[in-house]
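Let me begin by presenting the structure, written as structure tokens, before commenting on it.
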Amino acid sequence: MKEKLLQQFIEVFGEGGEIQSYFAPGRVNLIGEHTDYNGGHVFPCALTIGTYAVARKNNDKTLRFYSTNFEQLGIITSSVDGLIKVKEDDWANYPKGVIWTLKQKGYEINQGMDVLYHGTIPNSSGLSSSASIEVLTGFILNDLFGFNIDMVQMSLFSQFAENKFIGVNCGIMDQFAIAMGKQDHAIFLDTSNLEYEYAPVKLQNAKIVIANSNKKRGLGESKYNERRSECEKALSDLQGIISIHALGELSEEEFEANKHIIADKIHAKRAKHAVYENQRTIKAVEALKANDIKEFGLLMNASHVSLRDDYEVTGIELDTLVEAAWQQTGVIGSRMTGAGFGGCTVSIVETDYVDTFIDQVGRIYEEKIGYKADFYVVDIGNGPSRI
Ligand code: GLA
């Protein structure tokens, strides 16, 4: 991979300078969905698929970006000064956003770079290809400009880029999972204070299987922001009576005792999901630590039901994949992962049944939805590195 990308870099940008190669993972969230902007817990892990990059500093003030995944767009250029989001720059707005953020935060970037990106994560699938590009760009800047920014801080800068430059009001989960990934471990992160713990994912005779619905998210971003504000409204109703900072502070019992305070029934459903999903995530990590994979799987299934019925972010494509998965022999648990509204599901499947799982779920999906899903048996990988 590295040699091929180096060669391609030289074909695109020409010889010269000091050239380095890098990798940053994608991520999958095992449980804890739509909790990260409610001060709750998440449990994601980094993948061995992700984004590669080859980069060097250049001698002018121009940033040149090229992606092998969007060759038709050619080299996208931008001055290091006065960076703004423009539609034509498409995917290159992600690296631009990170450079803009670092400059906002006082880091000096007065020299351009040439960067070639190559992603092995399917785009718009909910495996965080954009956060992967962001964190990777931050890692490259650290390396080429010697900034020494630690990776937790870098995940916050990447989230800032996504919120303020791109305009998606996401939480911290994706950027954190990518920046802090650890092979064979998932990250139990408390998003209220960024305290985290690595939990070994020992699935014994089972594998993590991702199914991509191939339904692009489209409306997803506006719906995402809508769910966020519904939760904020529920919280503000509750704050009229009880003293809390976030929905993640409530136990199930506390929620049940106070839910009548939330004026709008829809907002109460959203809040219920946020509270129960946070508690499920805590229980799921305990189950995993106790080697109770069966219980972990049941909590994954309950997470999907809550995302389907209370949070309403699944849709026919994700429901078809998950409900078909639940019927298969050897399935320990299955749920949608990421923001929802399309994208991927994550399932834990006994190794001996993985092939039949892919055949059967794939067939049911195509029959009902009219186009194919893609399946990936994935491994848990490390955070960004030089390669
Ligand atoms: C997207 C966001 C994350 C998180 C998930 C839902 O991936 O980027 O911050 O909110 O959706 O859990």
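Ligands are numbered from 1 in the order shown, chains are lettered A, B, ... in the order of the structure tokens, and residues start at 1 in each chain.
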What lies within 12 Å of Lys216 of chain A using only C-alpha atoms, ignoring chain neighbours under 3 positions off, as number ranges by chain?
-> A: 122-126, 212-213, 219-221, 315, 317-318, 339-344, 373
Could you tell me, counting only C-alpha atoms and all ligand atoms, which protein and nucleic acid residues lie no more than 7 Å from ligand 1, written as a ChimeraX atom specification?
-> /A:32-37,126,128,170-174,338-339
10 Å contact set for segment 260-273 of chain A, only C-alpha atoms, chain neighbours under 2 positions out, as a ChimeraX atom specification = /A:33-35,38,227-242,247-248,250,252,255-258,275-279,303,305-312
Would you put the residues from that selection into a file with N, CA and C atoms, as a short mmCIF file (atom, residue, chain, number, x, y, z; two decimals), in the first residue's frame?
```
data_model
loop_
_atom_site.label_atom_id
_atom_site.label_comp_id
_atom_site.auth_asym_id
_atom_site.auth_seq_id
_atom_site.Cartn_x
_atom_site.Cartn_y
_atom_site.Cartn_z
N GLU A 33 -25.31 5.06 21.62
CA GLU A 33 -25.58 5.87 20.42
C GLU A 33 -26.42 7.08 20.78
N HIS A 34 -26.02 8.22 20.23
CA HIS A 34 -26.69 9.50 20.50
C HIS A 34 -26.66 9.83 21.99
N THR A 35 -25.60 9.42 22.64
CA THR A 35 -25.41 9.77 24.05
C THR A 35 -24.29 10.80 24.21
N ASN A 38 -25.19 14.19 25.07
CA ASN A 38 -26.07 14.24 26.25
C ASN A 38 -25.28 13.93 27.51
N ARG A 227 -32.50 16.11 16.36
CA ARG A 227 -32.51 15.26 17.56
C ARG A 227 -31.77 15.94 18.71
N ARG A 228 -30.66 16.55 18.37
CA ARG A 228 -29.88 17.26 19.40
C ARG A 228 -30.73 18.32 20.08
N SER A 229 -31.44 19.10 19.28
CA SER A 229 -32.20 20.18 19.92
C SER A 229 -33.42 19.62 20.67
N GLU A 230 -33.98 18.50 20.23
CA GLU A 230 -35.08 17.88 20.99
C GLU A 230 -34.58 17.46 22.38
N CYS A 231 -33.39 16.90 22.43
CA CYS A 231 -32.81 16.51 23.73
C CYS A 231 -32.56 17.74 24.59
N GLU A 232 -32.07 18.81 23.95
CA GLU A 232 -31.79 20.04 24.72
C GLU A 232 -33.08 20.61 25.32
N LYS A 233 -34.17 20.52 24.55
CA LYS A 233 -35.45 21.03 25.07
C LYS A 233 -35.93 20.18 26.24
N ALA A 234 -35.81 18.87 26.12
CA ALA A 234 -36.21 17.98 27.22
C ALA A 234 -35.38 18.31 28.46
N LEU A 235 -34.09 18.50 28.27
CA LEU A 235 -33.21 18.82 29.40
C LEU A 235 -33.64 20.14 30.04
N SER A 236 -33.93 21.12 29.21
CA SER A 236 -34.25 22.42 29.80
C SER A 236 -35.58 22.36 30.57
N ASP A 237 -36.55 21.56 30.11
CA ASP A 237 -37.79 21.36 30.89
C ASP A 237 -37.45 20.74 32.25
N LEU A 238 -36.62 19.70 32.23
CA LEU A 238 -36.26 19.02 33.49
C LEU A 238 -35.52 19.96 34.44
N GLN A 239 -34.68 20.81 33.85
CA GLN A 239 -33.89 21.73 34.68
C GLN A 239 -34.75 22.75 35.41
N GLY A 240 -35.99 22.93 34.93
CA GLY A 240 -36.91 23.81 35.64
C GLY A 240 -37.23 23.27 37.04
N ILE A 241 -37.11 21.97 37.23
CA ILE A 241 -37.49 21.34 38.50
C ILE A 241 -36.31 20.64 39.19
N ILE A 242 -35.49 19.92 38.41
CA ILE A 242 -34.39 19.20 39.06
C ILE A 242 -33.04 19.79 38.63
N LEU A 247 -28.60 14.98 30.40
CA LEU A 247 -29.49 13.81 30.55
C LEU A 247 -28.72 12.59 31.04
N GLY A 248 -27.45 12.53 30.69
CA GLY A 248 -26.60 11.41 31.10
C GLY A 248 -26.43 11.28 32.61
N LEU A 250 -28.87 11.15 34.67
CA LEU A 250 -30.05 10.50 35.26
C LEU A 250 -29.98 8.98 35.18
N GLU A 252 -32.33 5.38 35.24
CA GLU A 252 -33.64 5.08 34.67
C GLU A 252 -34.75 5.49 35.65
N PHE A 255 -35.30 9.16 35.81
CA PHE A 255 -36.01 9.60 34.61
C PHE A 255 -37.50 9.31 34.73
N GLU A 256 -37.83 8.08 35.13
CA GLU A 256 -39.25 7.69 35.23
C GLU A 256 -40.00 8.59 36.23
N ALA A 257 -39.31 8.95 37.31
CA ALA A 257 -39.97 9.76 38.33
C ALA A 257 -40.18 11.21 37.88
N ASN A 258 -39.43 11.63 36.86
CA ASN A 258 -39.49 13.05 36.47
C ASN A 258 -39.95 13.31 35.04
N VAL A 275 -31.24 8.55 28.20
CA VAL A 275 -31.00 8.07 29.57
C VAL A 275 -30.78 6.55 29.58
N TYR A 276 -31.69 5.81 28.95
CA TYR A 276 -31.61 4.34 28.98
C TYR A 276 -30.39 3.84 28.21
N GLU A 277 -30.07 4.51 27.10
CA GLU A 277 -28.93 4.06 26.29
C GLU A 277 -27.62 4.25 27.07
N ASN A 278 -27.55 5.33 27.81
CA ASN A 278 -26.36 5.56 28.63
C ASN A 278 -26.21 4.44 29.67
N GLN A 279 -27.32 4.09 30.32
CA GLN A 279 -27.27 3.02 31.33
C GLN A 279 -26.94 1.67 30.68
N SER A 303 -30.59 -1.68 22.37
CA SER A 303 -30.16 -0.37 21.87
C SER A 303 -30.85 -0.08 20.53
N VAL A 305 -33.67 -1.33 19.35
CA VAL A 305 -35.11 -1.14 19.53
C VAL A 305 -35.38 0.30 19.99
N SER A 306 -34.56 0.78 20.91
CA SER A 306 -34.73 2.13 21.43
C SER A 306 -34.44 3.19 20.35
N LEU A 307 -33.43 2.94 19.53
CA LEU A 307 -33.11 3.87 18.44
C LEU A 307 -34.21 3.86 17.38
N ARG A 308 -34.87 2.71 17.25
CA ARG A 308 -35.96 2.57 16.27
C ARG A 308 -37.24 3.21 16.79
N ASP A 309 -37.62 2.89 18.03
CA ASP A 309 -38.95 3.28 18.51
C ASP A 309 -38.96 4.62 19.24
N ASP A 310 -37.95 4.91 20.03
CA ASP A 310 -37.96 6.15 20.81
C ASP A 310 -37.17 7.27 20.15
N TYR A 311 -36.03 6.92 19.56
CA TYR A 311 -35.21 7.98 18.98
C TYR A 311 -35.53 8.20 17.50
N GLU A 312 -36.09 7.14 16.88
CA GLU A 312 -36.55 7.21 15.48
C GLU A 312 -35.48 7.72 14.51
#
```
Nearest-residue call for Gly26 of chain A, choices A:Tyr52, A:Tyr94, A:Phe375, A:Phe9, using only C-alpha atoms |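 Of A:Tyr52, A:Tyr94, A:Phe375, A:Phe9, the one nearest Gly26 of chain A, counting only C-alpha atoms, is A:Tyr52.
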Nearest residue to Ile84 of chain A from the set A:Tyr22, A:Tyr66, A:Phe165, A:Phe157 (distances using only C-alpha atoms) |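 Using only C-alpha atoms, Ile84 of chain A sits closest to A:Phe165.
In terms of minimum interatomic distance to Val354 of chain A, A:Val378 ranks closest within A:Ile316, A:Val378, A:Ile10, A:Leu116, counting only C-alpha atoms.
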Write out as a ChimeraX atom specification which residues come within 10 Å of Asn291 of chain A when counting only C-alpha atoms, dropping same-chain ones fewer than 5 positions away.
-> /A:201-204,285-286,296
Shell around Ala46 of chain A at 6 Å using only C-alpha atoms, local window under 3 positions removed, as a ChimeraX atom specification = /A:25-27,177-178,181,380-381
Got time to write the residues from that selection, N, CA, C and O atoms, as a PDB file, in the first residue's frame?
```
ATOM      1  N   PRO A  25      -7.395   5.416  11.481  1.00  0.00           N
ATOM      2  CA  PRO A  25      -8.495   4.453  11.326  1.00  0.00           C
ATOM      3  C   PRO A  25      -9.861   5.096  11.090  1.00  0.00           C
ATOM      4  O   PRO A  25     -10.019   6.307  11.271  1.00  0.00           O
ATOM      5  N   GLY A  26     -10.838   4.263  10.748  1.00  0.00           N
ATOM      6  CA  GLY A  26     -12.252   4.611  10.870  1.00  0.00           C
ATOM      7  C   GLY A  26     -12.702   4.089  12.229  1.00  0.00           C
ATOM      8  O   GLY A  26     -11.893   3.572  12.995  1.00  0.00           O
ATOM      9  N   ARG A  27     -13.994   4.205  12.535  1.00  0.00           N
ATOM     10  CA  ARG A  27     -14.446   3.678  13.819  1.00  0.00           C
ATOM     11  C   ARG A  27     -15.817   3.024  13.687  1.00  0.00           C
ATOM     12  O   ARG A  27     -16.591   3.330  12.791  1.00  0.00           O
ATOM     13  N   ALA A 177     -12.566   8.383  19.246  1.00  0.00           N
ATOM     14  CA  ALA A 177     -12.324   6.956  18.988  1.00  0.00           C
ATOM     15  C   ALA A 177     -11.187   6.774  17.991  1.00  0.00           C
ATOM     16  O   ALA A 177     -10.376   5.853  18.116  1.00  0.00           O
ATOM     17  N   ILE A 178     -11.129   7.666  17.010  1.00  0.00           N
ATOM     18  CA  ILE A 178     -10.094   7.565  15.976  1.00  0.00           C
ATOM     19  C   ILE A 178      -8.741   7.993  16.537  1.00  0.00           C
ATOM     20  O   ILE A 178      -7.733   7.311  16.358  1.00  0.00           O
ATOM     21  N   GLY A 181      -7.634   5.260  19.385  1.00  0.00           N
ATOM     22  CA  GLY A 181      -7.886   3.834  19.139  1.00  0.00           C
ATOM     23  C   GLY A 181      -6.760   2.935  19.638  1.00  0.00           C
ATOM     24  O   GLY A 181      -5.604   3.329  19.668  1.00  0.00           O
ATOM     25  N   ILE A 380     -10.250  -4.697  15.210  1.00  0.00           N
ATOM     26  CA  ILE A 380     -10.085  -3.454  15.967  1.00  0.00           C
ATOM     27  C   ILE A 380      -8.617  -3.033  15.908  1.00  0.00           C
ATOM     28  O   ILE A 380      -7.730  -3.810  16.257  1.00  0.00           O
ATOM     29  N   GLY A 381      -8.388  -1.814  15.448  1.00  0.00           N
ATOM     30  CA  GLY A 381      -7.015  -1.362  15.216  1.00  0.00           C
ATOM     31  C   GLY A 381      -6.609  -0.198  16.114  1.00  0.00           C
ATOM     32  O   GLY A 381      -7.329   0.200  17.031  1.00  0.00           O
TER      33      GLY A 381
END
```
Tell me which protein, DNA and RNA residues are within 7 Å of Phe357 of chain A, counting only C-alpha atoms, leaving out same-chain ones fewer than 4 positions away, and put them as an MDAnalysis selection string.
-> chainID A and resid 328 353 361
Enumerate, as a PyMOL selection string, the complete set of residues in segment 28-258 of chain A that a backbone-based DSSP assignment places in strand (DSSP E or B).
-> chain A and resi 28-29+41-42+44-57+62-67+76-79+113-119+182+185-190+195-200+206-212
Could you pull the residues within 12 Å of Ala161 of chain A, counting only C-alpha atoms, minus those fewer than 2 positions along the same chain, as a ChimeraX atom specification?
-> /A:83-85,93-105,130-131,133-135,137-138,154-159,163-172,175
